[in-house]
Structure formats: C-alpha cells, structure tokens
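Have a look at my_file20.cif; it's mmCIF, C-alpha atoms:
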```cif
data_upload
loop_
_atom_site.label_atom_id
_atom_site.label_comp_id
_atom_site.auth_asym_id
_atom_site.auth_seq_id
_atom_site.Cartn_x
_atom_site.Cartn_y
_atom_site.Cartn_z
CA MET A 1 37.85 22.42 -28.86
CA THR A 2 37.05 24.93 -26.15
CA ASP A 3 33.52 26.00 -25.40
CA VAL A 4 33.86 29.72 -24.64
CA HIS A 5 31.08 31.88 -23.23
CA GLU A 6 30.54 35.58 -22.78
CA LEU A 7 29.15 36.33 -19.31
CA ALA A 8 27.76 39.36 -17.54
CA LEU A 9 28.00 39.44 -13.76
CA THR A 10 27.45 42.17 -11.21
CA VAL A 11 30.38 41.78 -8.84
CA ASN A 12 30.30 43.81 -5.63
CA GLY A 13 27.84 46.16 -7.30
CA VAL A 14 29.96 46.69 -10.43
CA PRO A 15 28.78 45.29 -13.80
CA ARG A 16 31.52 43.07 -15.30
CA THR A 17 31.74 41.08 -18.51
CA LEU A 18 34.13 38.22 -19.13
CA ARG A 19 34.86 35.53 -21.69
CA VAL A 20 35.52 32.17 -20.09
CA PRO A 21 35.55 28.51 -21.05
CA ALA A 22 32.52 26.55 -19.81
CA ARG A 23 34.69 24.64 -17.36
CA ARG A 24 35.86 27.83 -15.55
CA LEU A 25 34.90 27.60 -11.86
CA LEU A 26 33.38 30.76 -10.39
CA SER A 27 36.25 30.87 -7.87
CA ASP A 28 38.79 30.96 -10.72
CA ALA A 29 36.73 33.45 -12.73
CA LEU A 30 36.79 35.83 -9.76
CA ARG A 31 40.49 35.36 -9.05
CA HIS A 32 42.03 34.96 -12.50
CA ASP A 33 39.66 36.68 -14.88
CA LEU A 34 38.52 39.53 -12.63
CA GLY A 35 41.62 39.83 -10.43
CA LEU A 36 39.62 39.61 -7.20
CA THR A 37 42.03 37.50 -5.20
CA GLY A 38 40.21 38.04 -1.92
CA THR A 39 38.26 34.85 -2.56
CA HIS A 40 40.55 32.03 -1.46
CA VAL A 41 40.62 28.51 -2.84
CA GLY A 42 41.43 25.86 -0.26
CA CYS A 43 40.21 22.35 -0.91
CA GLU A 44 38.53 23.02 -4.25
CA HIS A 45 35.91 20.36 -3.64
CA GLY A 46 33.42 22.07 -1.38
CA VAL A 47 34.66 21.01 2.04
CA CYS A 48 36.62 23.94 3.48
CA GLY A 49 34.38 26.94 2.74
CA ALA A 50 37.25 29.37 2.06
CA CYS A 51 35.84 30.21 -1.39
CA THR A 52 32.34 31.07 -0.13
CA VAL A 53 30.79 34.06 -1.92
CA LEU A 54 27.24 35.38 -2.07
CA VAL A 55 25.33 34.73 -5.29
CA ASP A 56 22.15 36.81 -5.32
CA GLY A 57 22.62 37.24 -1.58
CA ARG A 58 22.92 33.55 -0.69
CA PRO A 59 26.24 32.06 0.45
CA VAL A 60 27.51 29.38 -1.93
CA ARG A 61 30.82 27.62 -2.59
CA SER A 62 32.33 29.35 -5.62
CA CYS A 63 34.52 26.29 -6.32
CA LEU A 64 31.37 24.20 -6.83
CA LEU A 65 29.85 26.48 -9.45
CA PHE A 66 30.69 27.00 -13.07
CA ALA A 67 30.91 30.72 -13.76
CA VAL A 68 28.80 30.24 -16.89
CA SER A 69 25.92 28.81 -14.85
CA VAL A 70 25.58 31.99 -12.76
CA ASP A 71 25.64 34.29 -15.81
CA GLY A 72 23.51 37.36 -15.03
CA SER A 73 23.77 36.96 -11.24
CA SER A 74 24.92 39.37 -8.61
CA VAL A 75 28.03 38.18 -6.76
CA THR A 76 29.42 39.55 -3.50
CA THR A 77 32.96 38.61 -2.47
CA VAL A 78 34.90 39.52 0.66
CA GLU A 79 36.01 42.69 -1.16
CA GLY A 80 32.34 43.71 -1.22
CA CYS A 81 31.70 43.17 2.50
CA CYS A 82 32.96 46.66 3.35
CA GLU A 83 31.20 49.98 3.90
CA PRO A 84 30.39 52.13 0.85
CA ASP A 85 33.37 54.41 1.70
CA GLY A 86 35.75 51.44 1.67
CA SER A 87 36.18 51.20 5.44
CA LEU A 88 35.76 47.86 7.18
CA GLY A 89 32.25 46.37 7.21
CA PRO A 90 30.74 45.14 10.51
CA VAL A 91 31.97 41.57 10.08
CA GLN A 92 35.46 42.65 8.98
CA GLN A 93 35.67 45.09 11.92
CA ALA A 94 34.53 42.37 14.32
CA PHE A 95 37.30 40.03 13.10
CA TRP A 96 39.78 42.85 13.76
CA ASP A 97 38.33 43.57 17.22
CA CYS A 98 38.23 39.92 18.35
CA HIS A 99 41.42 38.64 16.73
CA GLY A 100 39.15 36.45 14.59
CA LEU A 101 41.93 35.62 12.14
CA GLN A 102 45.40 34.19 12.50
CA CYS A 103 46.88 33.25 9.13
CA GLY A 104 43.80 34.70 7.42
CA PHE A 105 43.48 32.10 4.70
CA CYS A 106 39.99 30.98 5.69
CA THR A 107 38.79 34.49 6.59
CA PRO A 108 37.16 35.52 3.28
CA GLY A 109 34.82 32.51 3.47
CA PHE A 110 33.93 33.29 7.06
CA VAL A 111 33.30 36.97 6.34
CA THR A 112 30.91 36.28 3.45
CA THR A 113 29.12 33.47 5.31
CA ILE A 114 28.65 35.56 8.46
CA THR A 115 27.59 38.67 6.50
CA ALA A 116 24.72 36.74 4.93
CA TYR A 117 23.89 34.93 8.17
CA LEU A 118 23.45 38.13 10.18
CA ASP A 119 20.99 39.43 7.58
CA GLU A 120 18.93 36.33 8.27
CA ASN A 121 19.47 36.19 12.05
CA PRO A 122 20.68 39.56 13.42
CA GLU A 123 20.69 38.43 17.08
CA PRO A 124 22.38 35.01 17.20
CA THR A 125 23.21 33.22 20.44
CA ALA A 126 26.73 31.84 20.90
CA GLU A 127 25.38 28.40 20.00
CA GLU A 128 23.70 29.69 16.84
CA ALA A 129 26.90 31.52 15.92
CA ARG A 130 28.81 28.24 16.19
CA GLU A 131 26.22 26.48 14.02
CA ALA A 132 26.37 29.30 11.45
CA ILE A 133 30.10 28.83 10.86
CA ALA A 134 30.09 25.03 11.05
CA GLY A 135 30.56 24.70 7.30
CA ASN A 136 33.84 26.64 7.27
CA LEU A 137 37.20 25.25 8.32
CA CYS A 138 39.99 27.19 10.04
CA ARG A 139 43.25 25.24 10.04
CA CYS A 140 44.65 27.58 12.72
CA THR A 141 41.67 26.29 14.77
CA GLY A 142 40.83 29.82 15.88
CA TYR A 143 37.16 29.01 16.27
CA GLN A 144 36.63 30.58 19.71
CA ASN A 145 37.57 33.98 18.40
CA ILE A 146 35.57 33.48 15.24
CA VAL A 147 32.45 32.74 17.30
CA ALA A 148 33.22 35.88 19.33
CA SER A 149 33.55 37.78 16.03
CA VAL A 150 30.06 36.69 14.93
CA LEU A 151 28.61 38.03 18.18
CA ARG A 152 30.69 41.21 17.96
CA ALA A 153 29.56 41.79 14.35
CA ALA A 154 25.94 41.50 15.48
CA GLU A 155 26.71 44.10 18.16
CA ILE A 156 28.33 46.48 15.64
CA ARG A 157 25.31 46.17 13.37
CA ARG A 158 23.00 46.91 16.32
CA GLU A 159 25.03 49.97 17.27
CA ALA A 160 24.95 51.21 13.66
CA ARG A 161 21.16 51.01 13.64
CA VAL A 162 20.57 53.19 16.75
CA MET B 1 41.59 20.03 -9.43
CA LYS B 2 40.01 21.53 -12.54
CA PRO B 3 37.20 19.87 -14.46
CA SER B 4 38.03 18.77 -17.99
CA SER B 5 36.46 20.61 -20.92
CA PHE B 6 32.85 20.10 -21.84
CA VAL B 7 30.22 21.67 -24.02
CA TYR B 8 27.74 23.70 -22.02
CA HIS B 9 24.04 23.82 -22.87
CA ARG B 10 21.48 26.01 -21.17
CA PRO B 11 17.96 25.13 -22.31
CA THR B 12 15.07 27.33 -21.18
CA THR B 13 12.23 24.83 -21.67
CA ILE B 14 11.82 21.20 -20.66
CA GLU B 15 11.23 20.22 -24.30
CA GLU B 16 14.50 21.82 -25.36
CA ALA B 17 16.31 20.04 -22.51
CA LEU B 18 14.79 16.67 -23.45
CA ASP B 19 15.79 17.15 -27.10
CA LEU B 20 19.35 17.97 -26.03
CA LEU B 21 19.54 15.00 -23.66
CA ALA B 22 18.20 12.70 -26.39
CA GLU B 23 20.88 13.89 -28.82
CA ILE B 24 23.71 13.72 -26.29
CA GLY B 25 22.75 10.32 -24.92
CA SER B 26 25.16 8.77 -22.44
CA ASP B 27 27.88 11.34 -23.17
CA GLY B 28 26.30 14.07 -21.04
CA LYS B 29 25.12 14.89 -17.58
CA VAL B 30 22.41 17.13 -16.20
CA LEU B 31 23.68 20.05 -14.11
CA ALA B 32 21.27 21.19 -11.40
CA GLY B 33 22.87 22.25 -8.10
CA GLY B 34 26.15 20.58 -9.00
CA GLN B 35 27.18 20.12 -5.38
CA SER B 36 28.08 16.48 -6.01
CA LEU B 37 28.74 16.60 -9.75
CA VAL B 38 31.23 19.51 -9.77
CA PRO B 39 33.59 17.96 -7.17
CA LEU B 40 33.42 14.66 -9.09
CA MET B 41 34.40 16.56 -12.22
CA SER B 42 37.14 18.52 -10.43
CA MET B 43 38.60 15.26 -9.14
CA ARG B 44 38.26 13.87 -12.69
CA LEU B 45 36.12 11.02 -11.44
CA ALA B 46 33.59 12.25 -13.98
CA ALA B 47 34.34 13.89 -17.32
CA PRO B 48 31.09 14.30 -19.25
CA ALA B 49 31.50 15.73 -22.76
CA HIS B 50 28.29 17.74 -22.40
CA LEU B 51 26.55 19.42 -19.48
CA VAL B 52 22.89 20.36 -19.73
CA ASP B 53 22.26 23.13 -17.19
CA VAL B 54 18.59 22.91 -16.17
CA ASN B 55 18.69 25.85 -13.77
CA ARG B 56 17.09 28.30 -16.21
CA ILE B 57 14.13 26.12 -17.16
CA ASP B 58 10.89 27.80 -16.16
CA GLY B 59 8.65 25.88 -13.80
CA LEU B 60 11.22 23.44 -12.43
CA ALA B 61 12.10 25.30 -9.22
CA GLY B 62 8.72 25.00 -7.53
CA ILE B 63 7.59 23.22 -4.39
CA GLN B 64 3.86 22.44 -4.46
CA THR B 65 1.79 21.17 -1.59
CA ASP B 66 -1.68 19.69 -2.02
CA VAL B 67 -3.93 17.13 -0.29
CA ASP B 68 -1.75 14.29 -1.57
CA GLY B 69 1.62 15.58 -0.42
CA VAL B 70 4.59 17.64 -1.56
CA ARG B 71 5.97 17.89 -5.09
CA VAL B 72 9.54 19.14 -5.32
CA GLY B 73 10.74 20.41 -8.70
CA ALA B 74 14.10 19.50 -10.21
CA THR B 75 15.83 22.78 -9.37
CA ALA B 76 14.27 23.45 -5.94
CA ARG B 77 17.19 23.83 -3.55
CA HIS B 78 17.51 21.84 -0.32
CA ALA B 79 17.27 25.20 1.48
CA ASP B 80 13.95 25.94 -0.25
CA VAL B 81 12.57 22.61 0.95
CA GLU B 82 13.93 23.20 4.45
CA HIS B 83 12.27 26.61 4.82
CA HIS B 84 8.97 25.81 3.06
CA GLU B 85 6.31 26.04 5.79
CA ALA B 86 3.52 24.30 3.88
CA ALA B 87 5.86 21.45 2.91
CA TYR B 88 6.91 21.10 6.54
CA ALA B 89 3.28 20.98 7.68
CA ALA B 90 2.43 18.30 5.09
CA VAL B 91 5.60 16.19 5.37
CA PRO B 92 7.54 17.14 8.51
CA LEU B 93 10.25 14.54 7.79
CA LEU B 94 11.43 16.62 4.82
CA ARG B 95 12.71 19.42 7.05
CA GLN B 96 13.77 17.04 9.83
CA ALA B 97 16.03 15.16 7.40
CA VAL B 98 17.20 17.91 5.04
CA LYS B 99 18.78 19.79 7.96
CA HIS B 100 21.31 16.94 8.03
CA VAL B 101 22.28 17.36 4.37
CA ALA B 102 25.77 18.94 4.47
CA HIS B 103 25.92 22.61 5.52
CA PRO B 104 23.56 25.53 4.84
CA THR B 105 25.93 26.88 2.16
CA ILE B 106 25.71 23.60 0.24
CA ARG B 107 21.95 23.42 0.78
CA ASN B 108 21.61 26.87 -0.79
CA ARG B 109 22.68 25.42 -4.13
CA GLY B 110 22.22 21.64 -3.96
CA THR B 111 18.85 20.31 -5.08
CA THR B 112 16.68 17.64 -3.47
CA VAL B 113 15.83 15.96 -6.79
CA GLY B 114 19.50 16.09 -7.79
CA SER B 115 20.55 14.33 -4.60
CA LEU B 116 17.98 11.60 -5.30
CA ALA B 117 19.28 11.17 -8.86
CA HIS B 118 22.86 11.08 -7.52
CA ALA B 119 21.74 8.13 -5.33
CA ASP B 120 24.53 8.40 -2.78
CA PRO B 121 23.96 5.59 -0.25
CA SER B 122 24.55 8.17 2.53
CA GLY B 123 22.16 10.74 1.06
CA GLU B 124 19.41 11.55 3.56
CA MET B 125 16.70 12.26 1.00
CA THR B 126 17.01 8.78 -0.53
CA ALA B 127 15.76 7.23 2.70
CA VAL B 128 13.02 9.86 3.08
CA LEU B 129 11.71 8.93 -0.38
CA ALA B 130 11.93 5.19 0.33
CA LEU B 131 10.44 5.40 3.81
CA LEU B 132 7.47 7.58 2.85
CA GLY B 133 6.72 5.67 -0.35
CA GLY B 134 7.43 8.64 -2.59
CA THR B 135 8.13 8.65 -6.31
CA VAL B 136 10.42 10.33 -8.83
CA THR B 137 9.08 11.42 -12.21
CA LEU B 138 11.42 10.94 -15.16
CA ARG B 139 10.74 12.57 -18.50
CA ARG B 140 12.29 11.85 -21.85
CA ARG B 141 11.39 13.01 -25.34
CA GLY B 142 7.90 11.67 -25.94
CA GLY B 143 7.47 9.87 -22.65
CA GLU B 144 7.34 9.90 -18.91
CA ARG B 145 7.62 7.34 -16.13
CA ARG B 146 7.11 7.53 -12.40
CA LEU B 147 9.24 5.28 -10.24
CA ALA B 148 8.98 4.28 -6.59
CA ALA B 149 12.17 4.27 -4.52
CA GLY B 150 12.60 0.50 -4.91
CA GLU B 151 12.92 0.86 -8.68
CA PHE B 152 14.59 4.27 -8.70
CA PHE B 153 17.63 3.46 -6.55
CA VAL B 154 19.65 0.85 -8.42
CA GLY B 155 22.95 0.82 -6.51
CA PRO B 156 25.57 3.09 -4.95
CA LEU B 157 25.62 6.33 -6.98
CA GLU B 158 23.32 4.70 -9.50
CA SER B 159 19.70 5.65 -10.07
CA ALA B 160 17.31 4.56 -12.81
CA VAL B 161 17.72 7.85 -14.70
CA GLY B 162 18.69 6.66 -18.18
CA PRO B 163 20.40 8.46 -21.06
CA GLY B 164 18.01 11.05 -22.48
CA GLU B 165 16.01 11.23 -19.27
CA LEU B 166 15.51 14.11 -16.86
CA ALA B 167 14.28 13.72 -13.28
CA VAL B 168 11.72 16.53 -13.22
CA GLU B 169 10.01 16.05 -9.87
CA ALA B 170 10.00 14.12 -6.61
CA PHE B 171 6.75 13.43 -4.79
CA PHE B 172 6.53 12.85 -1.04
CA PRO B 173 3.12 11.65 0.27
CA ARG B 174 1.43 13.65 3.03
CA SER B 175 1.87 12.38 6.58
CA ALA B 176 -1.11 10.36 7.80
CA PRO B 177 -3.22 11.77 10.64
CA ARG B 178 -2.08 10.56 14.09
CA SER B 179 1.43 9.93 12.74
CA GLY B 180 4.80 11.34 13.71
CA THR B 181 8.26 11.30 12.15
CA ALA B 182 11.85 11.90 13.25
CA TRP B 183 15.39 11.72 11.91
CA ALA B 184 18.47 10.64 13.89
CA GLU B 185 22.01 10.58 12.52
CA VAL B 186 25.65 10.17 13.48
CA SER B 187 28.42 11.68 11.37
CA ARG B 188 32.14 12.06 12.06
CA ARG B 189 31.92 15.83 11.85
CA HIS B 190 28.97 18.22 11.84
CA GLY B 191 27.49 18.28 8.33
CA ASP B 192 29.62 15.41 7.08
CA TYR B 193 28.36 12.24 5.40
CA ALA B 194 26.30 10.08 7.75
CA VAL B 195 28.07 7.07 9.25
CA CYS B 196 24.47 6.00 9.77
CA GLY B 197 21.19 7.90 9.55
CA VAL B 198 17.67 6.74 10.36
CA GLY B 199 14.24 8.21 9.64
CA ALA B 200 11.19 6.87 11.48
CA VAL B 201 7.43 7.01 10.91
CA VAL B 202 5.08 5.96 13.70
CA THR B 203 1.30 5.88 13.15
CA LEU B 204 -1.09 5.56 16.06
CA GLY B 205 -4.38 3.70 16.09
CA GLU B 206 -7.71 5.19 17.22
CA ASP B 207 -6.79 4.15 20.78
CA ARG B 208 -3.67 6.34 20.47
CA ARG B 209 -1.41 3.34 20.82
CA VAL B 210 1.22 2.44 18.22
CA GLY B 211 -0.51 0.95 15.19
CA ALA B 212 2.33 0.86 12.65
CA ALA B 213 6.01 1.82 12.59
CA LYS B 214 8.85 1.68 10.12
CA VAL B 215 12.31 3.10 9.65
CA GLY B 216 14.41 4.09 6.64
CA LEU B 217 18.20 3.86 6.91
CA ILE B 218 21.14 5.32 5.00
CA SER B 219 24.80 4.29 4.89
CA VAL B 220 24.03 0.66 5.75
CA GLY B 221 23.66 -0.70 2.22
CA PRO B 222 24.04 0.14 -1.48
CA THR B 223 20.58 1.76 -1.49
CA PRO B 224 18.30 3.02 1.31
CA VAL B 225 16.92 0.25 3.50
CA VAL B 226 13.36 0.28 4.88
CA VAL B 227 12.49 -1.97 7.83
CA ASP B 228 8.94 -2.46 9.07
CA VAL B 229 9.19 -2.67 12.87
CA THR B 230 5.46 -2.68 13.63
CA ASP B 231 5.57 -6.11 15.28
CA ALA B 232 8.20 -4.95 17.76
CA ILE B 233 6.26 -1.98 19.16
CA VAL B 234 2.61 -2.38 18.14
CA GLY B 235 0.11 -1.61 20.90
CA GLN B 236 2.58 0.35 23.04
CA SER B 237 1.67 3.69 24.59
CA ALA B 238 2.92 6.41 22.23
CA ASP B 239 4.30 8.59 25.01
CA ALA B 240 6.61 5.92 26.34
CA VAL B 241 7.53 3.41 23.63
CA GLU B 242 10.07 0.75 24.52
CA ALA B 243 11.90 0.83 21.21
CA GLU B 244 14.77 -1.51 22.13
CA ARG B 245 13.18 -4.55 20.53
CA ALA B 246 12.61 -2.56 17.36
CA GLY B 247 16.26 -1.50 17.46
CA ARG B 248 17.37 -5.13 17.76
CA LEU B 249 15.12 -6.08 14.84
CA VAL B 250 16.80 -3.37 12.74
CA MET B 251 20.27 -4.60 13.80
CA ASP B 252 19.34 -8.13 12.73
CA THR B 253 18.00 -6.93 9.39
CA VAL B 254 20.69 -4.59 8.07
CA ASP B 255 23.93 -5.83 6.55
CA PRO B 256 26.32 -2.86 6.46
CA ASP B 257 29.84 -2.84 5.01
CA ALA B 258 32.96 -1.65 6.81
CA ASP B 259 34.89 1.32 5.45
CA ILE B 260 37.48 3.85 6.58
CA HIS B 261 34.92 5.60 8.81
CA ALA B 262 33.36 2.69 10.66
CA THR B 263 33.43 -1.08 11.08
CA ALA B 264 30.40 -3.05 9.96
CA GLU B 265 29.71 -3.91 13.60
CA TYR B 266 29.72 -0.25 14.67
CA ARG B 267 27.37 0.66 11.81
CA ARG B 268 25.02 -2.15 12.82
CA HIS B 269 25.08 -0.88 16.41
CA LEU B 270 24.33 2.66 15.23
CA ALA B 271 21.47 1.41 13.05
CA GLY B 272 19.78 -0.18 16.06
CA THR B 273 20.44 2.64 18.50
CA LEU B 274 19.47 5.43 16.11
CA ALA B 275 16.35 3.52 15.01
CA ALA B 276 15.23 3.21 18.63
CA ARG B 277 15.93 6.90 19.21
CA ALA B 278 14.09 8.03 16.07
CA LEU B 279 11.12 5.76 16.79
CA THR B 280 10.76 7.10 20.34
CA GLU B 281 10.81 10.68 19.09
CA ALA B 282 8.44 9.93 16.21
CA ALA B 283 5.97 8.24 18.57
CA ALA B 284 6.04 11.22 20.94
CA ARG B 285 5.35 13.56 18.01
CA ALA B 286 2.50 11.34 16.80
CA SER B 287 1.02 11.50 20.29
CA GLU B 288 1.32 15.30 20.29
CA ARG B 289 -0.39 15.54 16.91
CA ALA B 290 -3.16 13.15 17.94
CA ALA B 291 -3.85 15.09 21.15
#
```
This entry written out as structure tokens:
Amino acid sequence: MTDVHELALTVNGVPRTLRVPARRLLSDALRHDLGLTGTHVGCEHGVCGACTVLVDGRPVRSCLLFAVSVDGSSVTTVEGCCEPDGSLGPVQQAFWDCHGLQCGFCTPGFVTTITAYLDENPEPTAEEAREAIAGNLCRCTGYQNIVASVLRAAEIRREARV
Amino acid sequence: MKPSSFVYHRPTTIEEALDLLAEIGSDGKVLAGGQSLVPLMSMRLAAPAHLVDVNRIDGLAGIQTDVDGVRVGATARHADVEHHEAAYAAVPLLRQAVKHVAHPTIRNRGTTVGSLAHADPSGEMTAVLALLGGTVTLRRRGGERRLAAGEFFVGPLESAVGPGELAVEAFFPRSAPRSGTAWAEVSRRHGDYAVCGVGAVVTLGEDRRVGAAKVGLISVGPTPVVVDVTDAIVGQSADAVEAERAGRLVMDTVDPDADIHATAEYRRHLAGTLAARALTEAAARASERAA
C-alpha cells in the first residue's frame, strides 16, 4: 500500500503541483518529480550539505525533509539563485570569479547556503564567512576559494546596491 | 538510503494528534523537525508504519518567557530558541548551548523539544534541561504529565515518551540573580557530535563569592550527568575561581565509555578540563551580572 499525496509547492517562484508517496524526500521530489537536478544528493543523511535548499527563505537539508511535510511552502534551489533575466546571481558570479568550485558537486549547497546567509549578514568577515559554510563539505577541499567567494559575493551585492 | 513506506498524518490540532497517536500506538512516530528521525529512517534503523507530522498544529511553535522561565513549544526550532532575545535574557544557557547543536542549517529545522525526546546522550539540550532542573510536558488523550530530566531521560535514545504521548513543551527555569552560566565542548569536527560537552551554573552569595556550582555533562553516560561541585569551589572569588579541584571531582564522578571517537580515559580528561573551563567562565559571568 502506498500513501500518495498531492502537493503544491512554489519552486523558484513558479507554482508546481506533484503527486508523491509520503516517503518521498524533498531532494528526490525536486530532482525526480520536478526535474530540477541542480540540487545534488551526496550523503543523504544530513552531513554533507550538498542538497541544501531554501524553504520559506531558510536553508535546510532537502534530504532530511519529506516533500509532503513542506506542502504549501516556497522552495528556492540553486536554479533560483540567479538574476531575474537568468544571468548569474551574486553568489554564482562570485564562485566563477574566485574559482570557488572544482568538481562542482558540492556547489549547489554552498550557493543556497551563502545566498541566505548574506541576506542575514551582508558584511561578513573572513572568519564569519568560514563559520557560515562550516556545515557544507567540499571533497575537493577547495575551502579557501569558497571563503573568498563568500566575501566576493558580499562585494558584488554591495556594488549592485550603489 | 530511502525511508520505507509509511502512512502520513498531518493533524492541525493537539486533540486530533493525540487521537491519532492513541490509535496508532507503538507503530508510529511523531515527526517534528525530523533532523534525527529522517536519517534513521533513511538508514532503515527506524521504519515506523505511521508518521504524525505535528508541524501544522497551531500553538506548538511558540517560545514564551515569563517570571518563572522559558517555555519552548514542540515545533519551535533550535534556531528560534537561539535567536530569541527574551529567552536569552531569562536563560542564557539556552543560547550558549544551542549554538553547539549541529550546524545552522540543521538548527533551522530541528526542534529543541524533539531533540529532548530523541534523548541522544550527546545532545546538548538534554544536559541543559537536567542541569537547570527543567521539565518536559507530555500529553496523551485525556491526560498530561510533567517530568523532570531524571525521569524523562531513560537511556541512550530512550525518553519516557510512551505510545500515544506527545511531548508538547519543555520548560527551562529562569536563571537566579547573581548567577552565571557557560557551555564548553569538544567535537571532532565543527558542528559534529560532542566527544564531551559541559554546561555550568555558578551562583554567587551576597558577598559575591561562589555560593553554589554545578555542571551538566553530555557524552559521558547513557543520559546527561549532573555533578554538584559546590564543595570544591565554594567561597572563592568569582573573578578568579580555581576550578581545578572541581574538575578533578567531575573526573572522579563520571564513568564514560570508550567508542570509535575517544577512549574512556580521554573522555574523562575532557570532562574535568571542560568542567573547569565552563565553571571559570560561568563564575566570571555571574560576577559581571552581580556588579
């Protein structure tokens, strides 16, 4: 017997409906049911942070949520961290500028985490930037450039404001 | 790494939730933040037939502060507790300890009451509850009971929440005047489970010297351990406590197990060292507050 539910989510600003079994993880709902494969699944038990998305603006691990339990929420994935015209958002641009990614597997989780963090703290120090990304793992160990990307993203956001 | 199938329930009132839990009995689990439950289900260490999602129940997400202390509702997130100014003013140890619970992303979803009910021996909030003399309120259809930490924490990953019961609230008593608190912890990696963690409460007498002191420890036993160390530091000047004797008392009291992360001896050493550190900081804060 499968317990199937009809859900309504707003994903990257677009209203979406989907029918999923109760056990469907949000990460899988995004990837398999909605075809948004930008969200990556690494450890699938909440350790690596690759699957981080924003639910109602707050970063959360999508592999630790059942899609059905966030029915009605607004979800932002890495695909939604861009400018309205589709060009790179400040955090994405900063990763480009600073060589903040190597293999790129962990990058979606970093981009979503940092996007939300800079809303909360637009002027982080290098130490705060390091703390902000401490919950995300990069197996290429490219952390120096990721910290630089956080600071660069803050700079891009500042420049955009003036 | 996918959870097995279950039947999902999403009650919108406490009464509806309690009816559901009563019907389901031991074949179901409560889903709040899910930050411990979902990985357990993904790893198939848990396979409940029913999940009762309490996140949409009105009135469970609140954090209330009054003259007695802080009441944290079942679906209040760790992050809500961390950033709640009135709760911090009333019970500073809440914020001091909750900052050590995993990472901000996990704290955005994980709940304080849920982590108490999960009763992980390395869960920071278990020791905060035990150390401060807090309580957890359990409701079931037609009844309610309020348990102190000693009764609530039964063993590793086992709390007193029975089939049909819902932990609706945790209560943390307000810090006494002229008291200070601190949390000290060592983990293998930032945000990881504590190899050992210690909370301290130091209360000064009218003469502003140490009147009472105790510590609460995690990861050194099946449930949080509270040690009264008053005798080891009573009467000392709060600005410069010599906490080594208290640390030794803690080392002699705890009986930690060895595991893959640390030997029993190393854990015992950490318990003493971190206790001394937390006590010194707590005493300095008490002195500041009393000034």
task = Pull out every residue of chain B that has at least one atom within 9 Å of chain A, counting all atoms listed in the file, and report them as a PyMOL selection string.
result = chain B and resi 1-8+10+33-40+42-43+53+55-56+102-109+190-191
inquiry  = Excluding Ala176 (chain B) and its own-chain neighbours fewer than 6 positions away, which residues fall within 10 Å of it when counting only C-alpha atoms? Please give them as a ChimeraX atom specification.
reply    = /B:90-91,201-204,286
message = So that I can see what lies close to Asp228 (chain B), please list as a ChimeraX atom specification the residues with an atom at most 10 Å from it, counting only C-alpha atoms and leaving out residues fewer than 3 positions away in the same chain.
response = /B:131,200-201,212-216,231-232,246,249-250
request  = For the file shown, report as a list in words the outcome of the PyMOL selection byres ((chain B and resi 25-28) around 6) at residue level.
outcome  =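 Selected by the PyMOL selection byres ((chain B and resi 25-28) around 6) in this file: Leu21, Ala22, Glu23, Ile24, Lys29, Pro48, Ala49, His50, Leu51, Pro163 and Gly164 of chain B.
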request  = Tell me which residues the PyMOL selection byres ((chain B and resi 194-198) around 8) grabs here, as number ranges by chain.
outcome  = B: 122-124, 127, 183-188, 192-193, 199-200, 215-220, 261-262, 267, 270-271, 274-275, 278
query = For Ala130 (chain B), which residue among B:Ala149, B:Leu116, B:Leu20, B:Arg209 is the nearest when counting all atoms listed in the file?
reply = B:Ala149
request  = For CA of Leu30 (chain A) and CA of Ala154 (chain A), quote the distance in Å rounded to one decimal.
outcome  =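 Taking CA of Leu30 (chain A) and CA of Ala154 (chain A), their separation equals 28.1 Å.
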Atoms added to region 42-56 of chain B (N, CA and C atoms), reported as a tab-separated table (two decimals), keeping the file's coordinate frame:
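File selection_17.tsv, as written:
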```
chain	number	residue	atom	x	y	z
B	42	SER	N	35.85	17.92	-10.80
B	42	SER	CA	37.14	18.52	-10.43
B	42	SER	C	38.16	17.44	-10.11
B	43	MET	N	37.69	16.35	-9.47
B	43	MET	CA	38.60	15.26	-9.14
B	43	MET	C	38.81	14.32	-10.32
B	44	ARG	N	38.17	14.66	-11.45
B	44	ARG	CA	38.26	13.87	-12.69
B	44	ARG	C	37.73	12.45	-12.52
B	45	LEU	N	36.82	12.30	-11.55
B	45	LEU	CA	36.12	11.02	-11.44
B	45	LEU	C	34.99	10.97	-12.45
B	46	ALA	N	34.59	12.16	-12.91
B	46	ALA	CA	33.59	12.25	-13.98
B	46	ALA	C	34.10	13.26	-14.99
B	47	ALA	N	33.91	12.97	-16.27
B	47	ALA	CA	34.34	13.89	-17.32
B	47	ALA	C	33.33	13.87	-18.46
B	48	PRO	N	32.10	14.31	-18.18
B	48	PRO	CA	31.09	14.30	-19.25
B	48	PRO	C	31.48	15.25	-20.37
B	49	ALA	N	31.16	14.87	-21.62
B	49	ALA	CA	31.50	15.73	-22.76
B	49	ALA	C	30.52	16.89	-22.89
B	50	HIS	N	29.31	16.69	-22.33
B	50	HIS	CA	28.29	17.74	-22.40
B	50	HIS	C	27.65	17.91	-21.02
B	51	LEU	N	27.36	19.17	-20.67
B	51	LEU	CA	26.55	19.42	-19.48
B	51	LEU	C	25.30	20.17	-19.91
B	52	VAL	N	24.16	19.68	-19.44
B	52	VAL	CA	22.89	20.36	-19.73
B	52	VAL	C	22.43	21.02	-18.43
B	53	ASP	N	22.59	22.35	-18.38
B	53	ASP	CA	22.26	23.13	-17.19
B	53	ASP	C	20.75	23.38	-17.17
B	54	VAL	N	20.06	22.79	-16.20
B	54	VAL	CA	18.59	22.91	-16.17
B	54	VAL	C	18.11	24.04	-15.26
B	55	ASN	N	19.06	24.83	-14.75
B	55	ASN	CA	18.69	25.85	-13.77
B	55	ASN	C	17.83	26.99	-14.33
B	56	ARG	N	17.87	27.18	-15.65
B	56	ARG	CA	17.09	28.30	-16.21
B	56	ARG	C	15.76	27.85	-16.82
```
